[in-house]
Amino acid sequence: MTLTLNHYLFVSGLLFAIGFAGVMLRRNIIIIFMCLELMLNAANLSLVAFSRFNLVNGLPNYNAQVLVFFIITVAAAEVAVGLAIIVALFRARQTTHVEDINSLKF
Amino acid sequence: MIPSLSLEITVLLLGILMLLVESFSRSDDKRGLAKMAIGILSALVGFSFFVDPASGNAFYAVDATAHFFKVLALLTTIVVLIMSLEYSSVLAKYLPGVTPGAGLGEFYSLPVFTCAGLMFMASAVDFLLIFVSLELVTISFYILVAYMRRHTASLEAGVKYLILGALSTGFLVYGITWIFGLTGETNLAAIQHALATKAVATTPLLFGLMLLLTGLGFKVAAVPFQLWVPDVYQGAPTPITAFLSVGSKAAGFVVLLRVLQPFLGVPGVGVKVLAVLALMAALTMLYGNLAALPQDNFKRLLAYSSIGHAGYLLVAVASVSDTKATFGSAGVAVAFYLAGYLLMTLLSFLVLIVVARHSRGDDILHFNGLAKRSPFLAFAMLTAMLSLAGVPFTAGFYGKLLVFAAAVQAGKFWLVGIGILTVAAGFYYYLRIVAAMYWQEPGDTTPITIAPLTRTAIGALTLAVFVFGICPQPILRQLKDGGVSAVQENAGKPPQSADGLRPWGV
């Protein structure tokens with residue numbers, strides 16, 4: 001069996017769904033944050049797959065691969081800021097559970 | 001004539017310079033930094049009229065739309081910096097630091113970076129640049145919202161904004177991925193070319209577009225993606241709430257307009273996307289205006305009102321013609337409405353900051369008897385509220401008129417019906433503030449002092465609200481001349497790599 005584009009897209013969709021389900025269902029902010037990163041990586045996987053399987057003049061479409069590098073960089077910046085905010089919250093409230101974040105009425 | 005990109009580069013350099021001064025200066029008083037930034041940004045507003053119209057490229061458009069939104073971004077940032085100066089005493093209370101002024105410099109420099117992101121976004125016509133500039137805006141907002149580290153509400157607002165903002169980024173990126181997979185392009189002009197020349201499967205394209213709309217729906221606070229708005233607006237430092245409600249919305253809508261354009265002409269796609277947008281518009285108007293009715297906290301009330309206004313803007317976007325490739329009157333309506341919304345929202349937040357500092361709270365009851373304490377502030381707030389409600393001779397009225405006219409032109413009469421109903425609901429809660437200011441007795445009768453810079457800004461914004469409402473023609477003419485168009489600049493150029501395109505699933 002050879003791997004086709006559809007296989008990669010299936011795995012990428014699965015990663016995206018796992019990430020989204022995690023964000024919706026898990027209660028720990030750190031885990032939610034990891035699931036968010038999973039969603040971005042799902043996009044990266046399918047971008048690379050699209051680039052590899054849709055050849056332009058016999059070469060992969062490098063636009064997508066450049067976009068992947070930008071997504072990785074932006075995700076890293078997001079993590080740096082995000083973890084800092086979560087640490088600040090932990091110092092103030094001694095918790096990382098979403099149920100405890102309720103001082104503003106929802 | 002200067003290259004257009006030099007504006008953004010100057011803003012970025014200004015931000016970096018401010019960070020350096022913040023790190024190395026020994027002085028505790030960082031207000032000079034904000035004042036310098038206000039001066040330089042004002043100068044840039046002037047310079048933006050002298051950009052070279054031919055300095056764009058495939059990633060970066062230089063047109064009337066881009067210029068209009070860049071001026072909006074610069075003006076918003078200037079007013080936000082004035083607000084931050086006014087707010088610095090509150091901020092200092094909630095910041096951990098050895099010296100009283102510690103950390104304030106960063107609070108002045110981060111909005112400058114956000115401004116650079118907003119300006120890049122106004123010109124972005126490639127998904128790569130759209131994504132990176134959107135994230136520059138969003139990530140600096142994460143920091144700003146959670147800035148008051150000793151204030152639990154601010155931290156909680158920051159975490160909520162972080163999670164939902166990152167979620168919306170996830171959707172946006174996944175949507176971009178699918179659109180890239182189908183067309184083989186990230187450039188909007190090239191995508192339009194590819195969609196016109198190649199057969200593209202409709203279902204996956206719609207899937208990608210819906211993911212994209214979800215991501216942008218979070219940014220503009222459209223129902224059902226509005227859950228973060230009230231909490232984040234209430235918890236964030238007030239100048240940042242103002243910046244979020246104006247900047248984030250303007251950015252979301254300019255991207256929405258540019259991104260939608262290539263897809264509108266595609267058979268079986270454009271009509272469906274516009275139907276979804278119309279549904280979102282109706283729900284957003286209803287939710288925003290009805291949920292605002294029982295609110296007692298003024299910031300929270302403005303949050304719901306901002307959701308309602310996103311609804312009116314979406315009405316204009318949904319009224320775009322699905323056959324032509326240009327936006328015409330609907331695009332002009334969006335731009336004019338956003339400009340008016342910016343003026344009145346910034347005005348109400350500016351007054352709120354001054355009043356909240358003197359009354360030590362931002363509930364509606366803190367506005368009781370404001371007309372006796374400061375007739376100037378009360379009149380400014382009256383102007384803002386009348387304009388937000390949509391009373392004739394104000395910017396808000398003319399904006400709503402344009403939006404509803406665009407909807408009538410597109411034959412969407414049911415949207416106009418819902419719109420008029422919700423405007424009536426809006427009158428109730430906006431006039432509650434007016435009633436509190438003019439007909440309630442003040443709890444505390446000390447007169448309110450206003451800094452000269454703030455007084456000038458309040459006066460200028462009040463005047464501008466009336467100018468936009470009474471003689472909007474010059475502004476409209478400028479918008480119509482340029483036309484709101486995404487891909488004018490590159491429409492003639494052939495896309496580089498459309499040859500080896502293989503649509504997925506065919």
# chains A, B, ... in the order shown; residues from 1 in each chain; ligands from 1
$ residues_around --residues "stretch 40-46 of chain A" --least-positions-apart "6" --cutoff "10 Å" --atoms "only C-alpha atoms" --output "PyMOL selection string"
(chain A and resi 5-6+8-19+52+64-65+67-69+71-72+75) or (chain B and resi 166-167+169-178+180-181)
$ write_last_selection --atoms "C-alpha atoms" --output "mmCIF file, in the first residue's frame"
data_model
loop_
_atom_site.group_PDB
_atom_site.id
_atom_site.type_symbol
_atom_site.label_atom_id
_atom_site.label_comp_id
_atom_site.auth_asym_id
_atom_site.auth_seq_id
_atom_site.Cartn_x
_atom_site.Cartn_y
_atom_site.Cartn_z
ATOM 1 C CA LEU A 5 -2.599 12.532 0.153
ATOM 2 C CA ASN A 6 -5.869 11.308 1.647
ATOM 3 C CA TYR A 8 -2.146 12.405 5.459
ATOM 4 C CA LEU A 9 -5.299 14.506 5.426
ATOM 5 C CA PHE A 10 -7.076 11.879 7.509
ATOM 6 C CA VAL A 11 -4.356 11.891 10.168
ATOM 7 C CA SER A 12 -4.305 15.689 10.123
ATOM 8 C CA GLY A 13 -8.088 15.842 10.548
ATOM 9 C CA LEU A 14 -7.801 13.364 13.415
ATOM 10 C CA LEU A 15 -5.151 15.512 15.127
ATOM 11 C CA PHE A 16 -7.325 18.600 14.697
ATOM 12 C CA ALA A 17 -10.359 16.800 16.127
ATOM 13 C CA ILE A 18 -8.349 15.463 19.105
ATOM 14 C CA GLY A 19 -7.036 18.943 19.770
ATOM 15 C CA ARG A 52 4.450 17.342 -1.344
ATOM 16 C CA ALA A 64 3.220 25.920 1.941
ATOM 17 C CA GLN A 65 6.509 24.936 3.541
ATOM 18 C CA LEU A 67 3.969 29.062 5.726
ATOM 19 C CA VAL A 68 4.705 26.078 8.010
ATOM 20 C CA PHE A 69 7.852 27.775 9.301
ATOM 21 C CA ILE A 71 3.218 28.923 11.873
ATOM 22 C CA ILE A 72 5.884 27.178 13.986
ATOM 23 C CA ALA A 75 3.140 29.139 17.815
ATOM 24 C CA ALA B 166 -5.444 30.569 20.264
ATOM 25 C CA LEU B 167 -8.464 28.412 19.392
ATOM 26 C CA THR B 169 -5.989 30.918 15.367
ATOM 27 C CA GLY B 170 -6.184 27.144 15.093
ATOM 28 C CA PHE B 171 -9.374 27.349 13.049
ATOM 29 C CA LEU B 172 -8.014 30.150 10.886
ATOM 30 C CA VAL B 173 -4.816 28.267 10.075
ATOM 31 C CA TYR B 174 -6.660 25.043 9.312
ATOM 32 C CA GLY B 175 -8.986 26.963 7.007
ATOM 33 C CA ILE B 176 -6.025 28.547 5.216
ATOM 34 C CA THR B 177 -4.535 25.064 4.850
ATOM 35 C CA TRP B 178 -7.583 23.724 3.050
ATOM 36 C CA PHE B 180 -4.170 26.315 -0.063
ATOM 37 C CA GLY B 181 -4.653 22.609 -0.693
#
$ closest_atom_pairs --of "chain A" --to "chain B" --cutoff "6 Å" --atoms "only C-alpha atoms" --output "Markdown table"
| residue | atom | partner | partner_atom | distance |
| --- | --- | --- | --- | --- |
| A:Met39 | CA | B:Gly170 | CA | 5.6 |
| A:Leu40 | CA | B:Gly170 | CA | 5.3 |
| A:Ala43 | CA | B:Tyr174 | CA | 4.9 |
| A:Leu47 | CA | B:Thr177 | CA | 5.7 |
| A:Phe50 | CA | B:Gly181 | CA | 5.4 |
| A:Asn54 | CA | B:Arg502 | CA | 5.9 |
| A:Val56 | CA | B:Gly500 | CA | 4.4 |
| A:Asn57 | CA | B:Gly500 | CA | 6.0 |
| A:Leu89 | CA | B:Leu155 | CA | 6.0 |
$ atom_distance --atom1 "atom CA of B:Leu81" --atom2 "atom CA of B:Thr114"
11.9 Å
$ select_by_dssp --residues "chain A" --states "alpha helix (DSSP H)" --output "ChimeraX atom specification"
/A:5-25,29-53,62-93
$ residues_around --residues "A:Thr96" --least-positions-apart "4" --cutoff "9 Å" --atoms "only C-alpha atoms" --output "PyMOL selection string"
chain A and resi 27-30+86-87+89-90+100-101
$ atom_distance --atom1 "atom CA of B:Thr284" --atom2 "atom CA of B:Leu479"
26.3 Å
$ residues_around --residues "B:Ala356" --least-positions-apart "5" --cutoff "8 Å" --atoms "only C-alpha atoms" --output "NGL selection string"
:B and (361-362 or 366)
